[in-house]
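A.B. asks: The structure follows.
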Amino acid sequence: MSEPVRSGSAWEYSSDVQVGFVGVDGVERLGSLARCWDEPFERATPVRKFIAFER
């Protein structure tokens, strides 16, 4: 039987995740999720439309 995979917190991996976005001030940013954690993403303007489908 194989060994179980050790699960860690998501915060352990946040430095490996890269995010790119345009901030509220219009400046394009790219960096690790850990570095951009306090960025208010909910205030940023979407870069593309979100399409909704009805069933």
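To be explicit about the labels: the chains of the structure tokens are called A, B, and onward in the order shown, and within each one the residues are counted from 1, while ligands get numbers from 1 in the order they are shown.
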Can you tell me, as an NGL selection string, what residues are no more than 10 Å from segment 24-26 of chain A when counting only C-alpha atoms, ignoring any on the same chain fewer than 4 positions away?
C.D. replies: :A and (39-45)
A.B. asks: Name the residues of segment 5-35 of chain A that fall into helix (DSSP H, G or I) according to DSSP on the backbone, using the chain letters and numbers of this document, as a ChimeraX atom specification.
C.D. replies: /A:10-16
A.B. asks: Measuring atom to atom with only C-alpha atoms, identify which of A:Ala52, A:Glu12, A:Pro46, A:Val17 is nearest to Ser32 of chain A.
C.D. replies: A:Val17
A.B. asks: Give me, as a tab-separated table (two decimals) with N, CA and C atoms, in the first residue's frame, the residues of chain A that a backbone DSSP run labels strand (DSSP E or B).
C.D. replies:
chain	number	residue	atom	x	y	z
A	18	GLN	N	1.46	32.28	-9.55
A	18	GLN	CA	1.68	33.61	-10.12
A	18	GLN	C	0.35	34.21	-10.57
A	19	VAL	N	0.13	35.48	-10.28
A	19	VAL	CA	-1.08	36.17	-10.71
A	19	VAL	C	-0.70	37.40	-11.52
A	20	GLY	N	-1.51	37.69	-12.51
A	20	GLY	CA	-1.33	38.89	-13.32
A	20	GLY	C	-2.66	39.61	-13.36
A	21	PHE	N	-2.63	40.92	-13.17
A	21	PHE	CA	-3.86	41.69	-13.15
A	21	PHE	C	-3.56	43.17	-13.36
A	22	VAL	N	-4.58	43.92	-13.67
A	22	VAL	CA	-4.50	45.37	-13.77
A	22	VAL	C	-5.22	45.93	-12.56
A	28	GLU	N	-0.52	47.53	-14.60
A	28	GLU	CA	-0.46	46.08	-14.74
A	28	GLU	C	0.54	45.52	-13.74
A	29	ARG	N	0.16	44.46	-13.07
A	29	ARG	CA	1.02	43.84	-12.07
A	29	ARG	C	1.14	42.34	-12.32
A	30	LEU	N	2.28	41.79	-11.96
A	30	LEU	CA	2.52	40.36	-12.04
A	30	LEU	C	3.37	39.99	-10.84
A	31	GLY	N	2.96	38.96	-10.13
A	31	GLY	CA	3.73	38.55	-8.96
A	31	GLY	C	3.13	37.32	-8.32
A	32	SER	N	3.76	36.90	-7.25
A	32	SER	CA	3.26	35.72	-6.55
A	32	SER	C	1.98	36.06	-5.80
